[in-house]
$ cat final-v9.cif   # mmCIF, C-alpha atoms
data_query
#
loop_
_atom_site.group_PDB
_atom_site.id
_atom_site.type_symbol
_atom_site.label_atom_id
_atom_site.label_comp_id
_atom_site.auth_asym_id
_atom_site.auth_seq_id
_atom_site.Cartn_x
_atom_site.Cartn_y
_atom_site.Cartn_z
ATOM 1 C CA MET A 13 -0.174 231.237 21.827
ATOM 2 C CA SER A 14 0.212 228.395 24.303
ATOM 3 C CA GLY A 15 3.337 226.274 24.581
ATOM 4 C CA TRP A 16 1.418 223.520 22.824
ATOM 5 C CA ASP A 17 0.974 225.694 19.748
ATOM 6 C CA ALA A 18 4.724 225.419 19.139
ATOM 7 C CA TYR A 19 4.335 221.675 18.553
ATOM 8 C CA ILE A 20 1.653 222.329 15.948
ATOM 9 C CA THR A 21 3.821 224.985 14.295
ATOM 10 C CA ASN A 22 6.764 222.566 14.206
ATOM 11 C CA LEU A 23 4.640 219.878 12.546
ATOM 12 C CA LEU A 24 3.261 222.265 9.936
ATOM 13 C CA ASN A 25 6.681 223.776 9.230
ATOM 14 C CA THR A 26 8.049 220.389 8.159
ATOM 15 C CA GLY A 27 5.995 220.690 4.980
ATOM 16 C CA PHE A 28 4.820 217.101 5.463
ATOM 17 C CA VAL A 29 1.829 217.813 7.713
ATOM 18 C CA ASP A 30 -1.090 219.806 6.306
ATOM 19 C CA GLN A 31 -3.132 220.044 9.522
ATOM 20 C CA ALA A 32 -2.566 218.902 13.098
ATOM 21 C CA ILE A 33 -4.172 218.754 16.513
ATOM 22 C CA ILE A 34 -3.050 217.735 19.983
ATOM 23 C CA THR A 35 -5.718 216.692 22.464
ATOM 24 C CA GLY A 36 -5.873 215.125 25.873
ATOM 25 C CA HIS A 37 -7.163 211.579 26.225
ATOM 26 C CA ASP A 38 -10.477 213.169 27.248
ATOM 27 C CA GLY A 39 -10.808 214.641 23.744
ATOM 28 C CA ASN A 40 -10.249 218.256 24.811
ATOM 29 C CA THR A 41 -8.112 220.271 22.412
ATOM 30 C CA TRP A 42 -4.727 221.482 23.687
ATOM 31 C CA ALA A 43 -3.599 223.029 20.381
ATOM 32 C CA LYS A 44 -4.548 222.795 16.707
ATOM 33 C CA SER A 45 -3.850 224.278 13.328
ATOM 34 C CA SER A 46 -6.230 226.960 12.114
ATOM 35 C CA ASN A 47 -9.292 225.842 10.163
ATOM 36 C CA PHE A 48 -8.917 222.271 11.444
ATOM 37 C CA ASN A 49 -11.970 221.508 13.528
ATOM 38 C CA PRO A 50 -12.664 217.853 14.218
ATOM 39 C CA SER A 51 -15.518 217.446 16.675
ATOM 40 C CA GLN A 52 -14.805 216.389 20.229
ATOM 41 C CA ASN A 53 -16.970 213.318 19.618
ATOM 42 C CA GLU A 54 -14.852 212.327 16.583
ATOM 43 C CA ILE A 55 -11.700 212.709 18.687
ATOM 44 C CA LYS A 56 -13.156 210.686 21.584
ATOM 45 C CA LEU A 57 -14.177 207.847 19.252
ATOM 46 C CA LEU A 58 -10.726 207.854 17.667
ATOM 47 C CA ILE A 59 -8.976 207.766 21.055
ATOM 48 C CA SER A 60 -11.228 204.940 22.217
ATOM 49 C CA TRP A 61 -10.411 203.011 19.032
ATOM 50 C CA LEU A 62 -6.661 203.563 19.472
ATOM 51 C CA GLN A 63 -6.790 202.352 23.085
ATOM 52 C CA LYS A 64 -8.324 199.004 22.145
ATOM 53 C CA PRO A 65 -6.110 195.969 21.628
ATOM 54 C CA THR A 66 -5.557 195.157 17.948
ATOM 55 C CA ASN A 67 -7.813 192.087 18.067
ATOM 56 C CA GLU A 68 -10.723 194.238 19.317
ATOM 57 C CA LYS A 69 -10.599 196.865 16.556
ATOM 58 C CA THR A 70 -13.871 196.097 14.805
ATOM 59 C CA THR A 71 -14.679 199.566 13.452
ATOM 60 C CA HIS A 72 -14.400 199.655 9.679
ATOM 61 C CA PHE A 73 -14.159 203.451 9.423
ATOM 62 C CA LEU A 74 -13.783 206.580 11.520
ATOM 63 C CA LYS A 75 -14.709 210.183 10.811
ATOM 64 C CA LEU A 76 -12.490 213.220 11.135
ATOM 65 C CA CYS A 77 -13.900 216.650 10.254
ATOM 66 C CA ASN A 78 -16.937 214.761 8.975
ATOM 67 C CA LYS A 79 -14.883 212.905 6.334
ATOM 68 C CA ILE A 80 -14.845 209.109 6.350
ATOM 69 C CA TYR A 81 -11.439 207.458 6.742
ATOM 70 C CA LEU A 82 -10.574 203.777 6.626
ATOM 71 C CA PRO A 83 -7.922 202.357 8.945
ATOM 72 C CA ILE A 84 -5.104 200.948 6.807
ATOM 73 C CA LYS A 85 -2.480 200.260 9.463
ATOM 74 C CA TYR A 86 -2.535 200.172 13.228
ATOM 75 C CA SER A 87 -0.355 199.017 16.084
ATOM 76 C CA ASN A 88 0.784 200.121 19.522
ATOM 77 C CA LYS A 89 -1.772 202.918 20.013
ATOM 78 C CA THR A 90 -1.131 204.278 16.528
ATOM 79 C CA GLY A 91 -3.418 204.322 13.509
ATOM 80 C CA VAL A 92 -2.973 205.347 9.893
ATOM 81 C CA PHE A 93 -6.165 206.211 8.026
ATOM 82 C CA LYS A 94 -6.934 206.926 4.357
ATOM 83 C CA CYS A 95 -9.845 208.755 2.713
ATOM 84 C CA ASP A 96 -11.142 208.200 -0.815
ATOM 85 C CA ASP A 97 -9.924 211.701 -1.785
ATOM 86 C CA GLN A 98 -6.364 210.438 -1.108
ATOM 87 C CA SER A 99 -5.920 212.469 2.064
ATOM 88 C CA SER A 100 -4.707 210.541 5.086
ATOM 89 C CA PHE A 101 -3.972 211.020 8.743
ATOM 90 C CA ILE A 102 -1.969 209.423 11.492
ATOM 91 C CA ALA A 103 -3.138 209.415 15.090
ATOM 92 C CA LYS A 104 -0.859 208.374 17.914
ATOM 93 C CA LEU A 105 -1.400 208.245 21.650
ATOM 94 C CA THR A 106 1.232 209.230 24.176
ATOM 95 C CA ASN A 107 0.803 208.918 27.949
ATOM 96 C CA GLN A 108 -1.507 211.943 28.094
ATOM 97 C CA THR A 109 -2.077 213.152 24.543
ATOM 98 C CA CYS A 110 -3.417 212.207 21.165
ATOM 99 C CA VAL A 111 -1.481 213.741 18.280
ATOM 100 C CA ILE A 112 -3.102 213.787 14.845
ATOM 101 C CA GLY A 113 -1.379 214.850 11.656
ATOM 102 C CA VAL A 114 -3.206 215.122 8.331
ATOM 103 C CA ALA A 115 -1.557 214.755 4.935
ATOM 104 C CA ASN A 116 -3.444 216.031 1.911
ATOM 105 C CA GLU A 117 -3.275 214.305 -1.467
ATOM 106 C CA THR A 118 -0.073 216.175 -2.410
ATOM 107 C CA ILE A 119 1.885 215.136 0.704
ATOM 108 C CA VAL A 120 3.616 211.776 1.043
ATOM 109 C CA ASP A 121 1.766 210.253 3.983
ATOM 110 C CA GLN A 122 4.808 208.299 5.204
ATOM 111 C CA ARG A 123 6.635 211.573 5.867
ATOM 112 C CA CYS A 124 3.608 212.890 7.768
ATOM 113 C CA ASN A 125 3.678 209.711 9.853
ATOM 114 C CA GLU A 126 7.371 210.163 10.628
ATOM 115 C CA GLU A 127 6.876 213.747 11.798
ATOM 116 C CA VAL A 128 3.962 212.847 14.089
ATOM 117 C CA ARG A 129 5.952 209.936 15.533
ATOM 118 C CA LYS A 130 8.906 212.264 16.267
ATOM 119 C CA ILE A 131 6.694 214.687 18.199
ATOM 120 C CA CYS A 132 5.115 211.799 20.098
ATOM 121 C CA ALA A 133 8.512 210.344 21.025
ATOM 122 C CA TYR A 134 9.529 213.738 22.395
ATOM 123 C CA LEU A 135 6.266 214.085 24.346
ATOM 124 C CA LYS A 136 6.676 210.609 25.843
ATOM 125 C CA LYS A 137 10.199 211.459 27.019
ATOM 126 C CA ALA A 138 8.731 214.564 28.667
ATOM 127 C CA ASN A 139 6.133 212.331 30.412
ATOM 128 C CA PHE A 140 3.273 213.549 28.276
#
$ encode --input "final-v9.cif" --output "structure tokens"
Amino acid sequence: MSGWDAYITNLLNTGFVDQAIITGHDGNTWAKSSNFNPSQNEIKLLISWLQKPTNEKTTHFLKLCNKIYLPIKYSNKTGVFKCDDQSSFIAKLTNQTCVIGVANETIVDQRCNEEVRKICAYLKKANF
């Protein structure tokens, strides 16, 4: 278990995050929850989308684990996405990482968002 796995464990242990992954800005996985396998290409496209200024976000959907998600809210290198099965995810960039937390249909997505934002705030303070 790497040190990064502890961040994933912390997110999952909140009960508000069903699956999570931390990657570098290059799309390489640093840590992830088991059975959560978004492709590196999906991660790279998501990171590229998050890095664009708000007025340049023209993509109408993104895929994660081959499921289609629509962006419903985005600002400041953060995006909230919803799928038609009522699952959702938040993706947030820090200086060096992309943290993604997935909420299934039984989890309140706002709480998932809060937990991902907390981890990202901590990582930013640690210069990640």
$ atom_distance --input "final-v9.cif" --atom1 "CA of Asp17 (chain A)" --atom2 "CA of Leu74 (chain A)"
25.5 Å
$ closest_residue --input "final-v9.cif" --among "A:Thr26, A:Thr21, A:Asn40, A:Asn53" --to "Asn125 (chain A)" --atoms "only C-alpha atoms"
A:Thr26
$ resolve_selection --input "final-v9.cif" --expression "the PyMOL selection byres ((chain A and resi 19) around 12)" --output "PyMOL selection string"
chain A and resi 13-18+20-26+29+31-35+42-45+111-113+127-128+130-132+134-135
$ atom_distance --input "final-v9.cif" --atom1 "CA of Ser87 (chain A)" --atom2 "CA of Asn107 (chain A)"
15.5 Å
$ residues_near_point --input "final-v9.cif" --point "(-5.8, 207.5, 26.1)" --cutoff "9 Å" --atoms "all atoms listed in the file" --output "PyMOL selection string"
chain A and resi 36-38+59-60+62-63+89+105-110
$ closest_residue --input "final-v9.cif" --among "A:Arg129, A:Lys85, A:Lys79, A:Arg123" --to "Lys104 (chain A)" --atoms "only C-alpha atoms"
A:Arg129
$ resolve_selection --input "final-v9.cif" --expression "the PyMOL selection byres ((chain A and resi 94-98) around 10)" --output "NGL selection string"
:A and (73-76 or 79-85 or 92-93 or 99-102 or 114-119 or 121)
$ closest_residue --input "final-v9.cif" --among "A:Thr66, A:Gln52, A:Asn78, A:Asn47" --to "Thr90 (chain A)" --atoms "all atoms listed in the file"
A:Thr66
$ atom_distance --input "final-v9.cif" --atom1 "CA of Ile55 (chain A)" --atom2 "CA of Gly39 (chain A)"
5.5 Å
$ closest_residue --input "final-v9.cif" --among "A:Asp30, A:Asn88, A:Lys137, A:Thr71" --to "Leu58 (chain A)" --atoms "only C-alpha atoms"
A:Thr71
$ residues_around --input "final-v9.cif" --residues "Cys77 (chain A)" --least-positions-apart "3" --cutoff "7 Å" --atoms "only C-alpha atoms" --output "number ranges by chain"
A: 49-51
$ closest_residue --input "final-v9.cif" --among "A:Phe140, A:Thr70, A:Glu54, A:Ala103" --to "Cys124 (chain A)" --atoms "only C-alpha atoms"
A:Ala103
$ axis_aligned_box --input "final-v9.cif" --around "region 96-108 of chain A" --padding-each-side "8 Å" --output "lines of an AutoDock Vina configuration file"
center_x = -5.0
center_y = 210.3
center_z = 13.2
size_x = 28.4
size_y = 20.3
size_z = 45.9
$ build_atoms --input "final-v9.cif" --residues "region 89-101 of chain A" --atoms "N, CA and C atoms" --output "short mmCIF file (atom, residue, chain, number, x, y, z; two decimals), keeping the file's coordinate frame"
data_model
loop_
_atom_site.label_atom_id
_atom_site.label_comp_id
_atom_site.auth_asym_id
_atom_site.auth_seq_id
_atom_site.Cartn_x
_atom_site.Cartn_y
_atom_site.Cartn_z
N LYS A 89 -1.09 201.64 19.79
CA LYS A 89 -1.77 202.92 20.01
C LYS A 89 -1.51 203.94 18.91
N THR A 90 -1.35 203.44 17.70
CA THR A 90 -1.13 204.28 16.53
C THR A 90 -2.04 203.78 15.41
N GLY A 91 -2.61 204.70 14.66
CA GLY A 91 -3.42 204.32 13.51
C GLY A 91 -3.12 205.21 12.32
N VAL A 92 -3.12 204.61 11.14
CA VAL A 92 -2.97 205.35 9.89
C VAL A 92 -4.27 205.15 9.12
N PHE A 93 -4.85 206.23 8.65
CA PHE A 93 -6.16 206.21 8.03
C PHE A 93 -6.11 206.90 6.67
N LYS A 94 -6.91 206.39 5.73
CA LYS A 94 -6.93 206.93 4.36
C LYS A 94 -8.38 207.24 3.98
N CYS A 95 -8.54 208.34 3.22
CA CYS A 95 -9.85 208.76 2.71
C CYS A 95 -9.87 208.54 1.21
N ASP A 96 -11.06 208.43 0.63
CA ASP A 96 -11.14 208.20 -0.82
C ASP A 96 -10.66 209.38 -1.65
N ASP A 97 -10.48 210.57 -1.04
CA ASP A 97 -9.92 211.70 -1.78
C ASP A 97 -8.39 211.71 -1.73
N GLN A 98 -7.81 210.64 -1.22
CA GLN A 98 -6.36 210.44 -1.11
C GLN A 98 -5.72 211.20 0.04
N SER A 99 -6.50 211.90 0.86
CA SER A 99 -5.92 212.47 2.06
C SER A 99 -5.77 211.34 3.08
N SER A 100 -4.92 211.55 4.06
CA SER A 100 -4.71 210.54 5.09
C SER A 100 -4.37 211.24 6.40
N PHE A 101 -4.45 210.48 7.48
CA PHE A 101 -3.97 211.02 8.74
C PHE A 101 -3.40 209.91 9.59
#
